[in-house]
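Reviewing the structure listed below.
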Amino acid sequence: MNKILSGKNIVKTYGIGREASNALNGVNIEILAGEFVAVMGPSGCGKSTLLFALSGTDTINSGSIQFGGKELTRLNENALADIRRTKMGFVFQQPAMLKNLNILDNIILSSVQENRKNTAGIIRKAKTLIEKTGITGLEERDITEVSGGQLQRACICRALMNEPEILFADEPTGALNSKSSEEIMDLFSDISKNGMAVFLVTHDAKVASRADRVLFMNDGAVRSELFLKKFNERDMENRVNQVILRMRDYEI
Ligand SMILES: Nc1ncnc2c1ncn2[C@@H]1O[C@H](COP(=O)(O)OP(=O)(O)OP(=O)(O)O)[C@@H](O)[C@H]1O
């Protein structure tokens with residue numbers, strides 16, 4: 001498999017002078033095309049900072065980040081924004097959409113802004129995603145008229161509209177009940193099987209157990225990785241236990 005994203009010796013410092021502290025302390029990471037990677041670690045260990053660094057959302061102090069053959073740290077803000085818009089998708093813990101638009105309009109908004117001539121094609125694509133994510137029938141609803149899990153699925157549809165090469169998800173199930181959370185994980189699993197890489201930050205062993213590989217971070221560095229591909233996909237109990245055992249090793 002081709003590697004699509006790699007980070008070498010990533011250092012990210014917040015604050016200056018005596019107040020300065022490293023949120024990332026020389027992180028090395030590689031993500032393959034279509035690979036589903038979960039990142040775990042105690043609060044404040046640098047998971048979100050790593051997500052923002054790898055996606056070019058935030059600058060780093062030193063190190064290298066290669067995405068699709070390009071060195072992200074050398075690109076200007078416009079070039080980075082282009083890559084984020086066309087090749088990356090983002091999902092966050094709190095599903096957020098515009099209040100004055102219905103679910104469908106929220107999903108298609110940025111695609112229509114980019115290509116006003118093909119609205120019909122964009123709506124067709126959105127409807128396919130809406131069906132895949134199981135929220136058919138909710139297109140015309142106001143965003144306040146759906147559940148948190150349904151809104152998160154709509155956010156995932158929006159993130160998938162431009163067929164990104166990688167989906168970055170920061171605690172996407174953090175605000176959901178366990179049933180919705182499982183449904184969202186089924187979706188992520190399908191997404192990665194269809195060739196899109198997923199980089200997911202989570203505190204939840206059950207969620208992480210769905211990934212191909214789990215990275216364990218502590219104090220701004222990746223300390224360990226667990227390959228879950230060798231364990232039967234259906235034996236969820238075993239996969240979750242593997243994750244929990246490793247979390248104990250790293251006091252997570
Ligand atoms: N904008 C900022 N300014 C200063 N320090 C920051 C900023 N963002 C994060 N930090 C610090 O960097 C460290 C890593 O934060 P980060 O949010 O990446 O942790 P995390 O592992 O995602 O935590 P959590 O699981 O609680 O979300 C923490 O010590 C945090 O306080």
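Ligands are numbered from 1 in the order shown, residues from 1 within each chain, and chains are lettered A, B, ... in the order they appear in the structure tokens.
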Subject >> Contacts of ligand 1, 10 Å or closer, only C-alpha atoms and all ligand atoms, given as JSON, numbers by chain >> reply: {"A": [12, 13, 14, 15, 16, 19, 20, 21, 22, 23, 24, 39, 40, 41, 42, 43, 44, 45, 46, 47, 48, 49, 50, 51, 52, 53, 58, 170, 171, 201, 202, 203, 217, 218, 219, 220]}
For C-alpha atoms, I'd like the residues from the last selection saved as a compact mmCIF listing (two decimals), in the first residue's frame.
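Dumped everything to again_20.txt:
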```txt
# COMPACT_ATOMS: atom_id res chain seq x y z
CA LYS A 12 4.96 21.81 18.17
CA THR A 13 5.54 24.31 20.95
CA TYR A 14 2.88 26.46 22.54
CA GLY A 15 3.81 29.63 24.40
CA ILE A 16 7.12 31.48 24.40
CA GLU A 19 6.05 29.59 29.29
CA ALA A 20 6.97 27.48 26.24
CA SER A 21 6.12 23.80 26.32
CA ASN A 22 6.15 21.12 23.66
CA ALA A 23 2.74 19.69 22.80
CA LEU A 24 4.47 17.46 20.22
CA VAL A 39 -4.98 7.67 18.23
CA MET A 40 -5.41 7.31 21.97
CA GLY A 41 -3.69 8.86 24.96
CA PRO A 42 -4.38 10.77 28.18
CA SER A 43 -5.94 14.20 28.08
CA GLY A 44 -3.41 16.81 27.02
CA CYS A 45 -0.92 14.35 25.47
CA GLY A 46 -1.12 16.04 22.07
CA LYS A 47 -3.70 14.04 20.05
CA SER A 48 -5.63 17.01 18.68
CA THR A 49 -2.43 18.96 18.15
CA LEU A 50 -1.14 16.09 16.04
CA LEU A 51 -4.37 16.04 14.00
CA PHE A 52 -4.10 19.79 13.37
CA ALA A 53 -0.43 19.46 12.43
CA ASP A 58 -1.90 24.49 12.35
CA ASP A 170 -11.46 14.33 16.44
CA GLU A 171 -13.63 12.45 18.98
CA VAL A 201 -8.72 10.64 17.83
CA THR A 202 -10.64 8.90 20.59
CA HIS A 203 -10.70 8.12 24.32
CA MET A 217 0.51 8.78 22.71
CA ASN A 218 1.93 10.16 25.90
CA ASP A 219 3.70 13.47 26.61
CA GLY A 220 3.67 14.60 22.98
```
**OP:** Point out the residue among A:Met88, A:Lys125, A:Leu72, A:Gly63 with the least atom-to-atom distance to A:Val11, counting only C-alpha atoms.
**Re:**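 Counting only C-alpha atoms, the residue closest to A:Val11 is A:Gly63.
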Subject >> Which of A:Ile83, A:Met236, A:Met247, A:Ala205 sits closest to A:Ile166 [using only C-alpha atoms] >> reply: A:Ile83
**OP:** Step one, run DSSP on the backbone; step two, keep only residues of stretch 2-63 of chain A assigned to helix (DSSP H, G or I); then write them as a ChimeraX atom specification.
**Re:** /A:17-19,47-54
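Closest approach to A:Asp186 from the set A:Gly134, A:Ala221, A:Phe199, A:Arg213 is made by A:Gly134, with distances taken over only C-alpha atoms.
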Residue set, stretch 48-207 of chain A restricted to strand (DSSP E), as a tab-separated table (two decimals) with C-alpha atoms, in the first residue's frame:
```
chain	number	residue	atom	x	y	z
A	62	SER	CA	10.07	21.89	13.21
A	63	GLY	CA	9.89	18.61	11.35
A	64	SER	CA	8.35	17.54	8.09
A	65	ILE	CA	4.84	16.62	6.95
A	66	GLN	CA	4.44	15.02	3.53
A	67	PHE	CA	1.00	14.58	2.02
A	70	LYS	CA	3.95	17.59	-1.10
A	71	GLU	CA	5.77	19.04	1.89
A	88	MET	CA	-9.10	16.14	3.29
A	89	GLY	CA	-12.33	15.77	5.23
A	90	PHE	CA	-12.96	16.81	8.83
A	91	VAL	CA	-15.39	15.65	11.50
A	166	ILE	CA	-8.16	11.15	4.24
A	167	LEU	CA	-10.82	11.84	6.83
A	168	PHE	CA	-9.63	13.47	10.07
A	169	ALA	CA	-11.98	12.86	12.96
A	170	ASP	CA	-11.46	14.33	16.44
A	197	ALA	CA	-7.72	6.75	5.02
A	198	VAL	CA	-9.12	7.68	8.43
A	199	PHE	CA	-7.20	9.39	11.24
A	200	LEU	CA	-9.35	9.26	14.33
A	201	VAL	CA	-8.72	10.64	17.83
```
Original post:
Which neighbours of A:Glu77 fall inside 12 Å, counting only C-alpha atoms, when residues of the same chain fewer than 4 positions from it are skipped, and could you give them as a list in words?
Top reply: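 Selected residues are Gly56, Thr57, Asp58, Thr59, Leu72, Thr73, Ala81, Asp82, Ile83 and Arg84 of chain A.
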